Amino acid sequence: MKRVPLVLGIIVLGVSAWAVEQVPFTNVRIDDSFWSPRLQTNRKVTIPYNFQKCQETGRISNFAKAGGLMEGNFEGIYFNDSDLYKVIEGAAYSLQNHPDPELEKYVDGVIDQIAAAQWEDGYLYTFYSLPKKQPEKRWTDTRSMHELYCAGHFFEGAAAYYQATGKRKILDVAIRLADYIDSVFGPGRKYDIPGHEEIEIGLVKLYRVTEDEKYLKLAKFFLDQRGDSTHRALYGEYCQDHMPVVRQSRAVGHSVRAGYLYCGMADVAALTGDRNYVAAIDRIWHDVVDGKTYLTGGIGARHGGEAFGESYELPNASAYNETCAAIANAMWNHRLFLLHGDAQYIDVLERIIYNGFLSGISLEGNRFFYPNPLASDGGYERSAWFGCSCCPVNVVRFIPSIPGYIYGVKGDTIYVNLFIGGQAEIKTDGGTVKLEQKTGYPWDGNVRIQVTAQGEKELTIAVRVPGWAQGVPMPGDLYRYLDSQTEPVKVTLNGTRLPIKLEKGYLAIRRTWTDGDRIEINLPMPIRRVLAHPSVRDDLGKTALERGPIVYCLEEADNGPRLDHILLEDKAEFAATLRPDLLGGIVTLYGNAASYSHEEGGTLNRKSMTITAIPYYAWAHRGAGAMRVWLARTESAVIPLPAPTIAGLSKVSASHTWELDTAKAVNDQREPKNSGDHEIPRHTFWDHRGSKEWIQYDFAGPAEVSEVSVYWFDDTGRGECRVPRSWRLLYRRDGQWKPVTGMDGYSVEKDRYNHVRFDPVKTDGLRIELTLQDGYSGGVLEWKVQ
């Protein structure tokens, strides 16, 4: 068995099956002011931190228990094995370029525990191994129990660690598991499929390492059984199991599962030549980029099912945009580039890694986002860990893979995809060439590529000209720039300017190269206004800011706690300023805007203000404040600051607020259309059910009050929030809460304000205490005080 060059998406055999080969990240060394610190943080902080969390939460000790090395029961969620496998994979990528004997010794010890947990027949899954082996449960629920999903991640981790270290122990365990799975599933055997795709990717990696075709055939079997009801009941759209994969045209269901499916289809297509797979994922890609991708490159609009919505269903505050989905989307787009050699896929990949993915990890490397919304009214911040921690462990393996996305090679053509400083050694049909990039990207559009041909070599260097530099933010018409004019891109070769003639987004420079040849690229980076397709309702009358590949946002730390009152007119001027001292070193945008506010009596007030925008990826590092990517550009989209009423000036707090909702919604003076209004901010107690809760106003000062009006949130028919079973109102006196008296009843009606009049009291605060209906949560849209 031979060891072959290692890359994240593909382990390359001697003969590549792709139209373009990925240059292995082991042949690329990053020396870059933007990415080098992040790679170092991943190596020194994120990998050890994730191993530590896996130890603390039982993810590692589950294997020791299952292997009889210690006593105890299973801890955590049934698919937790997969998290440890992903951290091992990330550690392998790190070890490949940065040998670390201490880390390697630690991982070897973890592998010993994994090996001990493997059954005699090769089965490996700790949830069915504790408190004792339960063979009768194996493969009884492949839709939900994720045995095959875990196996897929194990195959990826095992292949990576073998390639990085040459140690076979983990690979031998993986082979035994794969052989066992192959004895259970396949034609004439069990026809079931995994509910969560991933094993397809892992089996292809195992095939590329071992060259055992049965693993490739098994991967194709799982793909071809998806959507085929001949031998089993289908699992439906959530699992992309509603029709055969080669007939699918729309991205549906769970977005991470879908992304892994499309990666697996690309992998198998590249090795088998099945053009039906390619045609299907091409169709689905257009469905995604034409109507289901956020400006940040994120996918998966709905919290329900962590799923794709319909075309143009791209809400901002409630966007799910799971970090894992961003990673899956990046891997899928890179595979499409390898299949087609077209820069449009790298355009999407670049948008993801600088925006939708990068927001998922803190600058410190030990806090993580699961969902990545494009708007927040505060209270949402990165977490140290999750019960389901697929995102932190996915980050660990993705960051060290980024060097492998920079270049591609096809025959005697080198593709320069990403502009990241460092050196690369690239084998072409014409010989080995060394390239060195120097750049301040993404803040600076100047890139210099120094060529060391080691003699004279005739070949082509194809330099990508990003879509954003051509006036196109993303392939398709989902987004466009307000100003269609672009400054010309400038490319010189040894000081001589070249004409810009692009083929599939690349400027191909063919010549006989010699040592010292120099390509210089200038990509102008004006501050651009982005508009969404008019069918995206949440972005009507709004604009977003971009500069180069970076999407910007407004954050509370710079602009105050409310952001919807800001009008960013088309004519407003902006300036970019490099701030090395801020958020790890960023370029901020400063500009003029207008602020709108209501005055008592209904008067609308407008005044000028200065706003500051920061990169979207950097938000929520200075507190869990408000944030917006999309800003009003028309008065109809502005939501003026509330009038200075008692409620409007009050501070709001609650016993519990769901992380994507905000208590501030109850006094924002936005009138609900009905109790199920999802187009305005809301406060909910989700996912508390049937419990006693409270929400309160702390007044700006003592006031005499005698009436409240409450508009309950109730999403019957869509969700699991209902009007409360009961409630009451209390006022504060001398620091104690007391019930109001003389009230005329507490109604819990939908689709209207519930008014309560009571004996006047002078107080500095009011509190609503409520009891949720059994089995349901609830919330408040608006709460007025008189």
# chains A, B, ... in the order shown; residues from 1 in each chain; ligands from 1
>>> residues_around(residues="Ile519 in chain A", least_positions_apart="2", cutoff="7 Å", atoms="only C-alpha atoms", output="number ranges by chain")
A: 448-450, 492-494, 517, 521
>>> write_last_selection(atoms="N, CA and C atoms", output="compact mmCIF listing (two decimals), in the first residue's frame")
# COMPACT_ATOMS: atom_id res chain seq x y z
N ARG A 448 1.78 40.07 -5.85
CA ARG A 448 2.97 39.79 -6.65
C ARG A 448 3.28 38.31 -6.60
N ILE A 449 3.45 37.71 -7.76
CA ILE A 449 3.78 36.28 -7.86
C ILE A 449 5.15 36.16 -8.51
N GLN A 450 6.10 35.63 -7.76
CA GLN A 450 7.45 35.41 -8.24
C GLN A 450 7.58 33.97 -8.69
N THR A 492 0.52 42.83 -14.85
CA THR A 492 1.75 43.04 -15.58
C THR A 492 2.64 41.81 -15.47
N LEU A 493 3.45 41.60 -16.51
CA LEU A 493 4.45 40.54 -16.52
C LEU A 493 5.81 41.20 -16.71
N ASN A 494 6.63 41.10 -15.68
CA ASN A 494 7.94 41.75 -15.69
C ASN A 494 7.84 43.23 -16.06
N ASP A 517 10.93 35.62 -13.14
CA ASP A 517 9.77 36.21 -13.79
C ASP A 517 8.76 36.62 -12.73
N ILE A 521 -0.38 41.83 -9.98
CA ILE A 521 -1.83 41.97 -10.18
C ILE A 521 -2.32 43.11 -9.31
>>> residues_around(residues="Ala643 in chain A", least_positions_apart="2", cutoff="12 Å", atoms="only C-alpha atoms", output="PyMOL selection string")
chain A and resi 596-605+639-641+645-650+667-670+784
>>> residues_around(residues="Ala64 in chain A", least_positions_apart="5", cutoff="8 Å", atoms="only C-alpha atoms", output="PyMOL selection string")
chain A and resi 69-70+113-114+116-117
>>> residues_around(residues="range 617-629 of chain A", least_positions_apart="4", cutoff="6 Å", atoms="only C-alpha atoms", output="short mmCIF file (atom, residue, chain, number, x, y, z; two decimals) with C-alpha atoms, in the first residue's frame")
data_model
loop_
_atom_site.label_atom_id
_atom_site.label_comp_id
_atom_site.auth_asym_id
_atom_site.auth_seq_id
_atom_site.Cartn_x
_atom_site.Cartn_y
_atom_site.Cartn_z
CA ASN A 355 -17.28 35.58 5.45
CA LEU A 358 -14.83 32.66 9.20
CA SER A 359 -17.54 34.17 11.39
CA LEU A 374 -27.02 38.34 9.15
CA ALA A 375 -28.86 40.43 11.72
CA SER A 376 -29.11 40.43 15.49
CA ASP A 377 -30.76 42.67 18.06
CA GLY A 378 -28.26 41.60 20.67
CA GLY A 379 -27.80 38.71 23.06
CA TYR A 380 -26.22 36.36 20.52
CA GLU A 381 -22.55 35.47 20.87
CA ALA A 544 -25.08 45.86 1.94
CA CYS A 553 -21.79 44.88 8.81
CA LEU A 554 -22.78 47.54 11.33
CA GLU A 555 -22.36 46.58 14.96
CA GLU A 556 -23.66 48.03 18.21
CA PRO A 561 -27.97 49.38 20.10
#
>>> select_by_dssp(residues="range 557-627 of chain A", states="strand (DSSP E or B)", output="VMD selection string")
chain A and resid 566 to 567 574 to 579 586 to 598 604 to 615 626 to 627
>>> write_last_selection(atoms="N, CA, C and O atoms", output="compact mmCIF listing (two decimals), in the first residue's frame")
# COMPACT_ATOMS: atom_id res chain seq x y z
N ILE A 566 -31.28 53.63 10.67
CA ILE A 566 -30.23 54.24 9.87
C ILE A 566 -30.56 54.11 8.39
O ILE A 566 -30.88 53.02 7.90
N LEU A 567 -30.49 55.23 7.68
CA LEU A 567 -30.70 55.25 6.23
C LEU A 567 -29.35 55.48 5.55
O LEU A 567 -28.69 56.49 5.78
N PHE A 574 -18.12 57.00 1.50
CA PHE A 574 -17.45 56.16 2.47
C PHE A 574 -15.95 56.20 2.25
O PHE A 574 -15.47 56.44 1.13
N ALA A 575 -15.22 55.94 3.31
CA ALA A 575 -13.77 55.84 3.23
C ALA A 575 -13.33 54.59 3.97
O ALA A 575 -13.94 54.19 4.97
N ALA A 576 -12.27 53.95 3.49
CA ALA A 576 -11.72 52.75 4.11
C ALA A 576 -10.48 53.12 4.90
O ALA A 576 -9.62 53.86 4.41
N THR A 577 -10.37 52.58 6.11
CA THR A 577 -9.23 52.88 6.98
C THR A 577 -8.67 51.60 7.57
O THR A 577 -9.42 50.80 8.15
N LEU A 578 -7.37 51.39 7.40
CA LEU A 578 -6.73 50.22 8.00
C LEU A 578 -6.57 50.43 9.49
O LEU A 578 -6.02 51.44 9.93
N ARG A 579 -7.07 49.47 10.29
CA ARG A 579 -6.98 49.55 11.75
C ARG A 579 -6.22 48.32 12.27
O ARG A 579 -6.82 47.33 12.67
N ILE A 586 -7.97 45.00 10.88
CA ILE A 586 -9.03 45.01 9.87
C ILE A 586 -9.02 46.33 9.13
O ILE A 586 -8.38 47.29 9.54
N VAL A 587 -9.75 46.39 8.03
CA VAL A 587 -10.08 47.64 7.36
C VAL A 587 -11.52 47.98 7.72
O VAL A 587 -12.43 47.16 7.52
N THR A 588 -11.71 49.14 8.32
CA THR A 588 -13.06 49.59 8.65
C THR A 588 -13.53 50.57 7.59
O THR A 588 -12.74 51.21 6.89
N LEU A 589 -14.85 50.70 7.49
CA LEU A 589 -15.46 51.64 6.56
C LEU A 589 -16.18 52.72 7.37
O LEU A 589 -16.94 52.40 8.28
N TYR A 590 -15.92 53.97 7.02
CA TYR A 590 -16.56 55.11 7.69
C TYR A 590 -17.36 55.88 6.66
O TYR A 590 -16.87 56.14 5.55
N GLY A 591 -18.59 56.26 7.02
CA GLY A 591 -19.41 57.01 6.07
C GLY A 591 -20.52 57.79 6.74
O GLY A 591 -20.74 57.69 7.95
N ASN A 592 -21.21 58.56 5.93
CA ASN A 592 -22.31 59.38 6.40
C ASN A 592 -23.63 58.68 6.17
O ASN A 592 -23.82 57.98 5.17
N ALA A 593 -24.54 58.86 7.10
CA ALA A 593 -25.86 58.27 7.00
C ALA A 593 -26.86 59.20 7.66
O ALA A 593 -26.49 60.24 8.21
N ALA A 594 -28.13 58.83 7.62
CA ALA A 594 -29.19 59.59 8.28
C ALA A 594 -29.84 58.73 9.34
O ALA A 594 -29.99 57.51 9.17
N SER A 595 -30.22 59.36 10.44
CA SER A 595 -30.89 58.69 11.54
C SER A 595 -32.32 59.20 11.65
O SER A 595 -32.55 60.42 11.60
N TYR A 596 -33.28 58.29 11.79
CA TYR A 596 -34.69 58.66 11.90
C TYR A 596 -35.20 58.26 13.28
O TYR A 596 -34.87 57.20 13.80
N SER A 597 -36.03 59.11 13.84
CA SER A 597 -36.62 58.82 15.15
C SER A 597 -38.01 59.43 15.24
O SER A 597 -38.29 60.46 14.63
N HIS A 598 -38.87 58.75 16.00
CA HIS A 598 -40.21 59.28 16.30
C HIS A 598 -40.12 60.21 17.49
O HIS A 598 -39.36 59.97 18.44
N LEU A 604 -41.75 62.87 12.86
CA LEU A 604 -40.60 62.08 12.44
C LEU A 604 -39.39 63.01 12.32
O LEU A 604 -39.43 64.00 11.59
N ASN A 605 -38.33 62.66 13.01
CA ASN A 605 -37.15 63.51 13.04
C ASN A 605 -36.02 62.83 12.27
O ASN A 605 -35.80 61.63 12.39
N ARG A 606 -35.29 63.61 11.46
CA ARG A 606 -34.14 63.09 10.72
C ARG A 606 -32.92 63.95 11.05
O ARG A 606 -33.00 65.17 11.09
N LYS A 607 -31.78 63.25 11.26
CA LYS A 607 -30.54 63.99 11.49
C LYS A 607 -29.38 63.18 10.92
O LYS A 607 -29.48 61.96 10.70
N SER A 608 -28.29 63.85 10.66
CA SER A 608 -27.11 63.21 10.10
C SER A 608 -26.33 62.47 11.18
O SER A 608 -26.35 62.84 12.36
N MET A 609 -25.64 61.41 10.77
CA MET A 609 -24.79 60.67 11.69
C MET A 609 -23.65 60.03 10.89
O MET A 609 -23.72 59.89 9.67
N THR A 610 -22.62 59.65 11.59
CA THR A 610 -21.50 58.92 10.99
C THR A 610 -21.58 57.47 11.44
O THR A 610 -21.81 57.19 12.62
N ILE A 611 -21.40 56.56 10.50
CA ILE A 611 -21.47 55.14 10.84
C ILE A 611 -20.13 54.46 10.54
O ILE A 611 -19.34 54.93 9.71
N THR A 612 -19.90 53.37 11.23
CA THR A 612 -18.68 52.57 11.05
C THR A 612 -19.08 51.14 10.75
O THR A 612 -19.92 50.56 11.44
N ALA A 613 -18.50 50.58 9.70
CA ALA A 613 -18.75 49.18 9.33
C ALA A 613 -17.49 48.37 9.54
O ALA A 613 -16.38 48.83 9.26
N ILE A 614 -17.66 47.15 10.03
CA ILE A 614 -16.53 46.22 10.22
C ILE A 614 -16.81 44.96 9.41
O ILE A 614 -17.94 44.69 9.01
N PRO A 615 -15.77 44.15 9.15
CA PRO A 615 -16.01 42.87 8.46
C PRO A 615 -17.00 42.01 9.22
O PRO A 615 -16.93 41.89 10.45
N ALA A 626 -26.13 44.41 18.96
CA ALA A 626 -26.89 44.38 17.72
C ALA A 626 -25.95 44.38 16.51
O ALA A 626 -24.82 44.87 16.58
N MET A 627 -26.44 43.84 15.39
CA MET A 627 -25.64 43.77 14.16
C MET A 627 -26.58 43.73 12.96
O MET A 627 -27.66 43.15 13.02
>>> closest_atom_pairs(of="range 319-412 of chain A", to="range 23-42 of chain A", cutoff="9 Å", atoms="only C-alpha atoms", output="JSON lines")
{"residue": "A:Leu363", "atom": "CA", "partner": "A:Arg38", "partner_atom": "CA", "distance": 7.8}
{"residue": "A:Glu364", "atom": "CA", "partner": "A:Thr41", "partner_atom": "CA", "distance": 7.1}
{"residue": "A:Gly365", "atom": "CA", "partner": "A:Thr41", "partner_atom": "CA", "distance": 6.0}
{"residue": "A:Val395", "atom": "CA", "partner": "A:Asn42", "partner_atom": "CA", "distance": 8.6}
{"residue": "A:Val396", "atom": "CA", "partner": "A:Asn42", "partner_atom": "CA", "distance": 6.5}
{"residue": "A:Ile399", "atom": "CA", "partner": "A:Leu39", "partner_atom": "CA", "distance": 6.5}
{"residue": "A:Pro400", "atom": "CA", "partner": "A:Leu39", "partner_atom": "CA", "distance": 6.2}
{"residue": "A:Ser401", "atom": "CA", "partner": "A:Phe25", "partner_atom": "CA", "distance": 6.6}
{"residue": "A:Ile402", "atom": "CA", "partner": "A:Phe25", "partner_atom": "CA", "distance": 7.5}
{"residue": "A:Pro403", "atom": "CA", "partner": "A:Phe25", "partner_atom": "CA", "distance": 5.0}
{"residue": "A:Gly404", "atom": "CA", "partner": "A:Phe25", "partner_atom": "CA", "distance": 3.9}
{"residue": "A:Tyr405", "atom": "CA", "partner": "A:Phe25", "partner_atom": "CA", "distance": 7.6}
{"residue": "A:Ile406", "atom": "CA", "partner": "A:Val23", "partner_atom": "CA", "distance": 7.9}
{"residue": "A:Tyr407", "atom": "CA", "partner": "A:Val23", "partner_atom": "CA", "distance": 5.7}
{"residue": "A:Gly408", "atom": "CA", "partner": "A:Val23", "partner_atom": "CA", "distance": 5.3}
{"residue": "A:Val409", "atom": "CA", "partner": "A:Val23", "partner_atom": "CA", "distance": 6.6}
>>> closest_residue(among="A:Gly765, A:Pro524, A:Gly467, A:Pro672", to="Asn417 in chain A", atoms="only C-alpha atoms")
A:Gly467
>>> closest_residue(among="A:His231, A:Lys664, A:Gln470, A:Ile680", to="Ile500 in chain A", atoms="only C-alpha atoms")
A:Gln470
>>> residues_around(residues="Phe713 in chain A", least_positions_apart="5", cutoff="7 Å", atoms="only C-alpha atoms", output="list in words")
Ser675, Gly676, Arg722, Val723, Gly778, Gly779, Val780 and Leu781 of chain A
>>> closest_residue(among="A:Val638, A:Ile77, A:Ala159, A:Leu295", to="Tyr125 in chain A", atoms="only C-alpha atoms")
A:Ile77
>>> residues_around(residues="Ser747 in chain A", least_positions_apart="3", cutoff="9 Å", atoms="only C-alpha atoms", output="PyMOL selection string")
chain A and resi 726-727+754-756
>>> residues_around(residues="Ile346 in chain A", least_positions_apart="3", cutoff="12 Å", atoms="only C-alpha atoms", output="ChimeraX atom specification")
/A:297,329-338,340-343,349-353,405-408,415-419,463-468,474-475,504-506,549
>>> select_by_dssp(residues="range 490-594 of chain A", states="alpha helix (DSSP H)", output="PDB file with C-alpha atoms, in the first residue's frame")
ATOM      1  CA  GLU A 556     -23.663  48.029  18.207  1.00  0.00           C
ATOM      2  CA  ALA A 557     -20.179  48.712  19.587  1.00  0.00           C
ATOM      3  CA  ASP A 558     -19.683  51.392  16.920  1.00  0.00           C
ATOM      4  CA  ASN A 559     -23.196  52.541  16.060  1.00  0.00           C
TER       5      ASN A 559
END
>>> closest_residue(among="A:His242, A:Arg382, A:Arg562, A:Lys292", to="Phe369 in chain A", atoms="only C-alpha atoms")
A:Arg382
>>> closest_residue(among="A:Cys391, A:Ala158, A:Ile60, A:Ala92", to="Thr126 in chain A", atoms="only C-alpha atoms")
A:Ile60
